[in-house]
$ cat final.tsv   # TSV, C-alpha atoms
chain	number	residue	atom	x	y	z
V	1	MET	CA	-34.28	10.03	-32.27
V	2	THR	CA	-32.10	13.00	-33.15
V	3	LYS	CA	-28.61	13.72	-31.89
V	4	GLU	CA	-29.95	16.47	-29.62
V	5	GLN	CA	-32.55	14.15	-28.10
V	6	PHE	CA	-29.97	11.45	-27.60
V	7	LEU	CA	-27.54	13.81	-25.83
V	8	PHE	CA	-30.30	15.32	-23.70
V	9	GLN	CA	-31.51	11.90	-22.55
V	10	LEU	CA	-27.93	10.81	-21.88
V	11	GLU	CA	-27.38	13.83	-19.66
V	12	GLN	CA	-30.60	13.05	-17.77
V	13	LYS	CA	-29.37	9.50	-17.15
V	14	LEU	CA	-26.08	10.84	-15.80
V	15	LEU	CA	-27.54	13.19	-13.19
V	16	ASP	CA	-26.45	10.89	-10.35
V	17	ILE	CA	-22.71	10.97	-11.12
V	18	PRO	CA	-20.30	13.78	-10.13
V	19	GLU	CA	-20.69	16.94	-12.19
V	20	ASP	CA	-17.14	16.90	-13.63
V	21	GLU	CA	-17.60	13.30	-14.75
V	22	ARG	CA	-20.88	14.19	-16.40
V	23	ALA	CA	-19.36	17.21	-18.17
V	24	GLU	CA	-16.41	15.09	-19.34
V	25	ALA	CA	-18.65	12.36	-20.75
V	26	MET	CA	-21.07	14.82	-22.39
V	27	GLU	CA	-18.18	16.62	-24.05
V	28	TYR	CA	-16.86	13.34	-25.39
V	29	TYR	CA	-20.16	12.28	-26.93
V	30	ARG	CA	-20.90	15.77	-28.26
V	31	ASP	CA	-17.46	15.69	-29.93
V	32	TYR	CA	-18.17	12.20	-31.12
V	33	PHE	CA	-21.35	13.22	-32.93
V	34	SER	CA	-19.68	16.29	-34.42
V	35	ASP	CA	-16.71	14.30	-35.68
V	36	ALA	CA	-18.91	11.58	-37.15
V	37	GLY	CA	-20.63	14.29	-39.20
V	38	THR	CA	-24.32	14.99	-39.63
V	39	GLU	CA	-24.55	12.46	-42.44
V	40	ASN	CA	-23.57	9.67	-40.03
V	41	GLU	CA	-25.77	10.86	-37.18
V	42	GLU	CA	-28.37	8.13	-37.49
V	43	GLN	CA	-25.72	5.49	-37.94
V	44	VAL	CA	-23.94	6.58	-34.73
V	45	ILE	CA	-27.19	6.62	-32.75
V	46	LEU	CA	-28.00	3.17	-34.04
V	47	GLU	CA	-24.59	1.81	-33.04
V	48	LEU	CA	-24.51	3.49	-29.65
V	49	GLY	CA	-27.77	1.72	-28.93
V	50	SER	CA	-29.65	3.77	-26.35
V	51	PRO	CA	-28.79	6.62	-23.94
V	52	GLU	CA	-29.43	4.11	-21.14
V	53	LYS	CA	-26.80	1.73	-22.49
V	54	VAL	CA	-24.20	4.49	-22.92
V	55	ALA	CA	-24.93	5.86	-19.42
V	56	ALA	CA	-24.57	2.35	-17.97
V	57	SER	CA	-21.16	1.92	-19.61
V	58	ILE	CA	-19.98	5.28	-18.24
V	59	LYS	CA	-21.10	4.39	-14.72
V	60	GLU	CA	-19.55	0.95	-14.99
V	61	GLY	CA	-16.26	2.63	-15.91
V	62	LEU	CA	-16.52	4.95	-12.92
V	63	ARG	CA	-17.02	2.02	-10.56
V	64	ALA	CA	-13.98	0.21	-11.93
V	65	GLY	CA	-11.97	3.42	-11.76
V	66	ARG	CA	-12.81	3.93	-8.09
V	67	GLU	CA	-11.60	0.46	-7.21
V	68	ASP	CA	-8.28	1.17	-8.86
V	69	ALA	CA	-7.94	4.62	-7.34
V	70	GLY	CA	-7.20	3.18	-3.91
V	71	THR	CA	-3.50	3.98	-4.13
V	72	ILE	CA	-1.96	7.39	-4.57
V	73	GLY	CA	1.40	8.08	-6.12
V	74	GLN	CA	1.87	4.60	-7.46
V	75	PRO	CA	2.27	3.64	-11.08
V	76	PRO	CA	-1.00	2.76	-12.79
V	77	GLN	CA	-2.16	-0.73	-12.10
V	78	THR	CA	-1.21	-3.28	-14.64
V	79	ARG	CA	-3.98	-5.44	-15.88
V	80	GLY	CA	-2.50	-8.78	-16.77
V	81	PHE	CA	-3.78	-10.58	-19.83
V	82	GLY	CA	-4.30	-13.56	-17.62
V	83	LYS	CA	-3.81	-14.28	-13.94
V	84	SER	CA	-0.67	-16.35	-14.44
V	85	PHE	CA	0.89	-13.42	-16.25
V	86	SER	CA	0.95	-11.01	-13.40
V	87	GLU	CA	2.07	-13.81	-11.11
V	88	THR	CA	5.14	-14.64	-13.16
V	89	ASN	CA	6.00	-11.00	-13.70
V	90	ALA	CA	8.73	-10.93	-11.06
V	91	GLY	CA	10.41	-7.79	-12.37
V	92	ARG	CA	7.39	-5.64	-11.79
V	93	LYS	CA	6.84	-7.11	-8.32
V	94	GLN	CA	10.37	-6.10	-7.41
V	95	MET	CA	9.76	-2.59	-8.68
V	96	ASP	CA	6.51	-2.44	-6.71
V	97	SER	CA	8.25	-3.47	-3.53
V	98	ARG	CA	11.04	-0.98	-4.16
V	99	SER	CA	8.62	1.86	-4.77
V	100	LYS	CA	6.74	0.78	-1.65
V	101	TRP	CA	9.91	1.18	0.39
V	102	LEU	CA	10.63	4.50	-1.25
V	103	LEU	CA	7.12	5.62	-0.32
V	104	ILE	CA	7.64	4.52	3.29
V	105	ILE	CA	10.91	6.47	3.48
V	106	VAL	CA	9.36	9.59	1.96
V	107	VAL	CA	6.40	9.37	4.36
V	108	ALA	CA	8.82	8.87	7.27
V	109	ILE	CA	10.73	12.00	6.27
V	110	PHE	CA	7.63	14.11	5.87
V	111	THR	CA	6.05	12.97	9.13
V	112	PHE	CA	9.38	13.59	10.95
V	113	PRO	CA	7.97	16.27	13.32
V	114	PHE	CA	5.20	13.88	14.32
V	115	TRP	CA	7.07	10.68	15.00
V	116	ILE	CA	10.18	12.30	16.53
V	117	GLY	CA	8.00	13.28	19.52
V	118	ILE	CA	6.68	9.75	19.94
V	119	ALA	CA	10.13	8.24	19.47
V	120	GLY	CA	11.54	10.68	22.07
V	121	ALA	CA	8.81	9.79	24.55
V	122	LEU	CA	9.35	6.03	24.05
V	123	PHE	CA	13.11	6.48	24.46
V	124	GLY	CA	12.50	8.48	27.66
V	125	ILE	CA	10.25	5.76	29.06
V	126	LEU	CA	12.86	3.11	28.21
V	127	VAL	CA	15.62	5.11	29.95
V	128	ALA	CA	13.36	5.65	33.00
V	129	VAL	CA	12.57	1.92	33.25
V	130	VAL	CA	16.24	0.95	32.95
V	131	ALA	CA	17.25	3.59	35.55
V	132	THR	CA	14.55	2.40	37.95
V	133	ILE	CA	15.68	-1.22	37.66
V	134	PHE	CA	19.29	-0.13	38.14
V	135	GLY	CA	18.36	1.98	41.21
V	136	LEU	CA	16.40	-0.87	42.75
V	137	ALA	CA	19.32	-3.21	42.17
V	138	VAL	CA	21.79	-0.82	43.82
V	139	ALA	CA	19.41	-0.37	46.79
V	140	ALA	CA	18.97	-4.13	47.13
V	141	VAL	CA	22.75	-4.71	47.08
V	142	ALA	CA	23.20	-1.99	49.71
V	143	VAL	CA	20.46	-3.38	51.95
V	144	ALA	CA	21.81	-6.90	51.55
V	145	GLY	CA	25.38	-5.89	52.37
V	146	VAL	CA	24.54	-3.52	55.23
V	147	GLY	CA	21.88	-5.89	56.66
V	148	ILE	CA	24.19	-8.89	56.83
V	149	VAL	CA	27.15	-6.92	58.25
V	150	ALA	CA	25.10	-4.80	60.70
V	151	GLY	CA	22.98	-7.80	61.73
V	152	PHE	CA	26.10	-9.84	62.44
V	153	ILE	CA	27.61	-6.95	64.49
V	154	CYS	CA	24.33	-6.47	66.39
V	155	VAL	CA	24.15	-10.16	67.29
V	156	VAL	CA	27.75	-10.10	68.55
V	157	VAL	CA	27.09	-6.89	70.55
V	158	GLY	CA	23.87	-8.43	71.98
V	159	ILE	CA	25.67	-11.59	73.12
V	160	VAL	CA	28.27	-9.39	74.88
V	161	ARG	CA	25.37	-7.44	76.50
V	162	PHE	CA	23.91	-10.65	77.92
V	163	PHE	CA	26.90	-10.78	80.20
V	164	THR	CA	27.54	-7.05	80.80
V	165	GLY	CA	24.19	-5.22	80.61
V	166	GLY	CA	21.37	-7.61	81.25
V	167	LEU	CA	18.97	-10.06	79.66
V	168	VAL	CA	16.46	-7.51	78.25
V	169	SER	CA	18.89	-5.31	76.39
V	170	GLY	CA	20.75	-8.43	75.25
V	171	PHE	CA	17.58	-10.00	73.76
V	172	ILE	CA	16.59	-6.71	72.07
V	173	THR	CA	19.99	-6.24	70.46
V	174	VAL	CA	20.30	-9.88	69.37
V	175	GLY	CA	16.71	-9.82	68.03
V	176	ALA	CA	17.33	-6.63	66.09
V	177	GLY	CA	20.56	-8.07	64.78
V	178	LEU	CA	18.82	-11.28	63.62
V	179	LEU	CA	16.07	-9.22	61.91
V	180	LEU	CA	18.68	-7.13	60.09
V	181	PHE	CA	20.53	-10.30	59.13
V	182	ALA	CA	17.34	-11.87	57.82
V	183	LEU	CA	16.57	-8.75	55.78
V	184	GLY	CA	20.06	-8.85	54.30
V	185	CYS	CA	19.65	-12.54	53.45
V	186	LEU	CA	16.26	-11.87	51.88
V	187	CYS	CA	17.72	-9.12	49.65
V	188	THR	CA	20.64	-11.34	48.67
V	189	ALA	CA	18.28	-14.16	47.79
V	190	ALA	CA	16.13	-11.75	45.79
V	191	LEU	CA	19.18	-10.42	43.94
V	192	VAL	CA	20.44	-13.92	43.18
V	193	PHE	CA	16.98	-14.87	41.89
V	194	VAL	CA	16.59	-11.72	39.74
V	195	PHE	CA	20.08	-11.79	38.22
V	196	GLY	CA	20.35	-15.55	38.04
V	197	GLN	CA	16.86	-16.42	36.71
V	198	VAL	CA	14.65	-13.50	35.70
V	199	PHE	CA	17.30	-11.41	33.94
V	200	PRO	CA	18.63	-14.15	31.59
V	201	TRP	CA	15.05	-15.24	30.90
V	202	ALA	CA	13.99	-11.67	29.98
V	203	LEU	CA	17.08	-11.18	27.79
V	204	ARG	CA	16.41	-14.46	26.02
V	205	GLY	CA	12.79	-13.45	25.51
V	206	ILE	CA	13.73	-10.07	24.00
V	207	SER	CA	16.39	-11.53	21.71
V	208	ASN	CA	14.00	-14.28	20.57
V	209	LEU	CA	11.37	-11.65	19.82
V	210	LEU	CA	13.77	-9.56	17.72
V	211	HIS	CA	15.16	-12.62	15.98
V	212	ASN	CA	11.72	-13.99	15.10
V	213	GLY	CA	10.55	-10.61	13.90
V	214	ILE	CA	13.46	-10.29	11.48
V	215	ARG	CA	13.13	-13.85	10.31
V	216	ARG	CA	9.41	-13.47	9.70
V	217	ARG	CA	9.94	-10.28	7.73
V	218	LYS	CA	12.57	-11.98	5.60
V	219	LYS	CA	10.21	-14.84	4.95
V	220	VAL	CA	7.47	-12.46	3.86
V	221	GLU	CA	9.82	-10.75	1.42
V	222	VAL	CA	10.75	-14.08	-0.11
V	223	ASN	CA	7.10	-15.01	-0.44
V	224	GLU	CA	6.35	-11.76	-2.25
Q	225	MET	CA	-14.99	-12.36	-33.21
Q	226	VAL	CA	-14.69	-15.63	-31.33
Q	227	PHE	CA	-12.28	-14.39	-28.66
Q	228	ASN	CA	-13.07	-11.90	-25.93
Q	229	THR	CA	-11.00	-8.78	-25.58
Q	230	GLY	CA	-10.19	-8.35	-21.89
Q	231	ALA	CA	-9.70	-5.03	-20.11
Q	232	ALA	CA	-5.91	-5.25	-20.29
Q	233	LEU	CA	-5.84	-5.98	-24.01
Q	234	LEU	CA	-8.31	-3.18	-24.68
Q	235	ASP	CA	-6.11	-0.78	-22.67
Q	236	ALA	CA	-3.10	-1.91	-24.67
Q	237	ILE	CA	-4.88	-1.47	-28.02
Q	238	VAL	CA	-6.13	2.00	-27.12
Q	239	LEU	CA	-2.67	3.07	-25.91
Q	240	ALA	CA	-1.14	1.75	-29.13
Q	241	VAL	CA	-3.69	3.62	-31.26
Q	242	VAL	CA	-3.23	6.90	-29.38
Q	243	SER	CA	0.58	6.62	-29.38
Q	244	LYS	CA	0.65	6.57	-33.20
Q	245	ASP	CA	-0.11	10.31	-33.31
Q	246	GLU	CA	2.59	12.56	-31.87
Q	247	GLU	CA	0.10	15.34	-31.34
Q	248	GLY	CA	-2.60	13.09	-29.99
Q	249	THR	CA	-5.91	12.08	-31.47
Q	250	TYR	CA	-9.63	12.40	-30.71
Q	251	GLY	CA	-12.41	10.10	-29.59
Q	252	TYR	CA	-14.11	9.43	-32.90
Q	253	LYS	CA	-10.84	8.66	-34.68
Q	254	ILE	CA	-9.65	6.42	-31.83
Q	255	THR	CA	-12.89	4.46	-32.09
Q	256	GLN	CA	-12.53	4.06	-35.84
Q	257	ASP	CA	-8.90	2.93	-35.53
Q	258	VAL	CA	-9.62	0.46	-32.75
Q	259	ARG	CA	-12.48	-0.98	-34.74
Q	260	LYS	CA	-10.12	-1.72	-37.61
Q	261	ALA	CA	-8.48	-4.27	-35.34
Q	262	ILE	CA	-11.24	-5.51	-33.05
Q	263	ASP	CA	-15.00	-5.43	-32.92
Q	264	VAL	CA	-16.09	-3.16	-30.08
Q	265	SER	CA	-19.27	-1.22	-29.58
Q	266	GLU	CA	-18.97	2.55	-29.80
Q	267	SER	CA	-19.83	3.07	-26.16
Q	268	THR	CA	-16.98	0.85	-24.97
Q	269	LEU	CA	-14.14	3.26	-25.49
Q	270	TYR	CA	-15.12	6.33	-23.48
Q	271	PRO	CA	-14.76	4.55	-20.09
Q	272	VAL	CA	-11.42	3.13	-21.21
Q	273	LEU	CA	-10.12	6.54	-22.29
Q	274	ARG	CA	-11.36	8.12	-19.06
Q	275	ARG	CA	-9.70	5.48	-16.92
Q	276	LEU	CA	-6.39	5.70	-18.79
Q	277	GLN	CA	-6.59	9.45	-18.31
Q	278	LYS	CA	-7.09	9.02	-14.56
Q	279	ASP	CA	-4.20	6.54	-14.44
Q	280	ASP	CA	-1.99	9.24	-16.01
Q	281	CYS	CA	-1.41	7.10	-19.09
Q	282	LEU	CA	-3.20	9.66	-21.28
Q	283	GLU	CA	-3.50	13.42	-21.08
Q	284	VAL	CA	-6.21	15.52	-22.69
Q	285	TYR	CA	-6.22	18.95	-24.22
Q	286	ASP	CA	-8.66	20.94	-26.31
Q	287	ARG	CA	-7.79	22.11	-29.77
Q	288	GLU	CA	-9.70	24.52	-31.96
Q	289	CYS	CA	-11.07	22.74	-35.00
Q	290	ALA	CA	-13.59	24.11	-37.51
Q	291	GLY	CA	-14.94	26.71	-35.09
Q	292	ARG	CA	-15.26	24.44	-32.09
Q	293	ASN	CA	-13.09	22.81	-29.47
Q	294	ARG	CA	-12.23	19.21	-29.94
Q	295	ARG	CA	-10.84	17.09	-27.12
Q	296	TYR	CA	-7.54	15.42	-27.93
Q	297	TYR	CA	-5.97	12.46	-26.16
Q	298	LYS	CA	-2.21	12.16	-26.01
Q	299	ILE	CA	-0.01	9.43	-24.52
Q	300	THR	CA	2.13	10.34	-21.49
Q	301	ALA	CA	5.54	8.98	-20.47
Q	302	ALA	CA	3.79	6.69	-17.98
Q	303	GLY	CA	1.46	5.58	-20.78
Q	304	GLU	CA	4.44	4.77	-23.03
Q	305	ALA	CA	5.98	2.70	-20.23
Q	306	GLN	CA	2.71	0.88	-19.72
Q	307	LEU	CA	2.37	0.27	-23.46
Q	308	ASN	CA	5.90	-1.17	-23.59
Q	309	LEU	CA	5.04	-3.51	-20.76
Q	310	TYR	CA	1.88	-4.60	-22.58
Q	311	ARG	CA	3.86	-5.10	-25.78
Q	312	SER	CA	6.43	-7.41	-24.20
Q	313	GLU	CA	3.72	-9.30	-22.31
Q	314	TRP	CA	1.76	-9.72	-25.51
Q	315	MET	CA	4.79	-10.96	-27.46
Q	316	ASP	CA	5.40	-13.59	-24.82
Q	317	TYR	CA	1.73	-14.54	-24.61
Q	318	SER	CA	1.09	-14.73	-28.36
Q	319	ARG	CA	4.36	-16.60	-29.01
Q	320	LYS	CA	3.40	-19.29	-26.52
Q	321	ILE	CA	-0.16	-19.64	-27.79
Q	322	THR	CA	1.01	-19.71	-31.40
Q	323	ALA	CA	3.58	-22.38	-30.59
Q	324	LEU	CA	0.95	-24.37	-28.75
Q	325	PHE	CA	-1.46	-24.18	-31.66
Q	326	ALA	CA	1.30	-25.22	-34.04
Q	327	GLY	CA	1.76	-28.34	-31.95
Q	328	GLU	CA	5.23	-27.40	-30.71
Q	329	GLU	CA	6.52	-28.50	-27.35
Q	330	LEU	CA	6.65	-25.68	-24.80
Q	331	ALA	CA	9.78	-25.35	-22.69
$ encode --input "final.tsv" --output "structure tokens"
Amino acid sequence: MTKEQFLFQLEQKLLDIPEDERAEAMEYYRDYFSDAGTENEEQVILELGSPEKVAASIKEGLRAGREDAGTIGQPPQTRGFGKSFSETNAGRKQMDSRSKWLLIIVVAIFTFPFWIGIAGALFGILVAVVATIFGLAVAAVAVAGVGIVAGFICVVVGIVRFFTGGLVSGFITVGAGLLLFALGCLCTAALVFVFGQVFPWALRGISNLLHNGIRRRKKVEVNE
Amino acid sequence: MVFNTGAALLDAIVLAVVSKDEEGTYGYKITQDVRKAIDVSESTLYPVLRRLQKDDCLEVYDRECAGRNRRYYKITAAGEAQLNLYRSEWMDYSRKITALFAGEELA
């Protein structure tokens, strides 16, 4: 086999890889033959083995390269001499984690126009929820207060009516007063339940959630 | 050669060979220099050079030589850093193995 035949067959075997990769590899082996000199041509062909073998090694390299090319903008992956090596290499791990944070910050800055909208919307929703709860609470307090006071007054007025106006108007006024009173009591009970039980429970839940989240993150960092 | 040369060690050897020349060096010469140290087949080195190039450890440029363009490989700053890391790792590794073979007690 001559050098030309070898290179031609190699190119044929590389038709299924990207064109730039093929051009790169062909240039390398063309250079290689030229630099070896015509007197060493046979020797080089003999040592390279076959075009198939060379093509297989190029493709194998491409596969390995693709696996490593998963990350962008990070320092080239270090291949440890042994597994235990990369595991004990704490310094590099620290640098990796630092560059990871740097990357997160840079991404956060560049995606600012995107996430500021989402953050604004979430903040708006939070404010709306808090305002609604506050409004409901104020309304409940008002209903409770007014209901109890007005109910009490109505009952008193109704009892007076029994004697001055008549039985019917007395019953109606006392009944209305008792209803108002009951409504006021209901609201008071609801308020006591919400502020005495639900509110502390919710606060505890939220603080536990935040606390656990931070603790878990810390734990993860230590494990890294 | 009784011992295998892993991917990391091969990377380190190639980086060391390329870094010797300020102006860079070319495929055939790299192969010859690497083969002075370890026994590798001639088709082994192209994928290694290509990968190191993609990892930004090596850069390539063409230089006119005897009426044709020859592709040169040159080490980058990132490649130097990587080589230094490999060097220190190797020193540690070889020191421990040597001590072990000499029958010394490892700390």
$ closest_residue --input "final.tsv" --among "Q:Leu309, Q:Ile237, Q:Val258, Q:Ile321" --to "chain V" --atoms "only C-alpha atoms"
Q:Leu309
$ atom_distance --input "final.tsv" --atom1 "atom CA of Tyr252 of chain Q" --atom2 "atom CA of Lys13 of chain V"
21.9 Å
$ residues_around --input "final.tsv" --residues "segment 183-191 of chain V" --least-positions-apart "3" --cutoff "7 Å" --atoms "only C-alpha atoms" --output "ChimeraX atom specification"
/V:140,143-145,147-148,179-180,194-195
$ atom_distance --input "final.tsv" --atom1 "atom CA of Asp20 of chain V" --atom2 "atom CA of Leu307 of chain Q"
27.5 Å
$ interface_residues --input "final.tsv" --of "chain Q" --to "chain V" --cutoff "9 Å" --atoms "all atoms listed in the file" --output "PyMOL selection string"
chain Q and resi 230-233+235+250-253+265-268+270-272+274-276+278-281+293-295+302-303+306+309-310+313-314+317
$ closest_residue --input "final.tsv" --among "V:Gly120, V:Gly158, V:Pro113, V:Pro200" --to "Gly170 of chain V" --atoms "only C-alpha atoms"
V:Gly158
$ atom_distance --input "final.tsv" --atom1 "atom CA of Ala240 of chain Q" --atom2 "atom CA of Asp316 of chain Q"
17.2 Å
$ residues_around --input "final.tsv" --residues "Tyr297 of chain Q" --least-positions-apart "6" --cutoff "9 Å" --atoms "only C-alpha atoms" --output "JSON, numbers by chain"
{"Q": [242, 247, 248, 249, 250, 251, 273, 277, 282, 283, 284, 285, 286]}
$ residues_near_point --input "final.tsv" --point "(-29.6, 11.3, -34.4)" --cutoff "6 Å" --atoms "all atoms listed in the file" --output "PyMOL selection string"
chain V and resi 1-3+41-42+45
$ write_last_selection --input "final.tsv" --atoms "C-alpha atoms" --output "tab-separated table (two decimals), keeping the file's coordinate frame"
chain	number	residue	atom	x	y	z
V	1	MET	CA	-34.28	10.03	-32.27
V	2	THR	CA	-32.10	13.00	-33.15
V	3	LYS	CA	-28.61	13.72	-31.89
V	41	GLU	CA	-25.77	10.86	-37.18
V	42	GLU	CA	-28.37	8.13	-37.49
V	45	ILE	CA	-27.19	6.62	-32.75
$ residues_near_point --input "final.tsv" --point "(28.8, -5.8, 63.7)" --cutoff "12 Å" --atoms "only C-alpha atoms" --output "PyMOL selection string"
chain V and resi 145-160+173-174+176-178+180-181
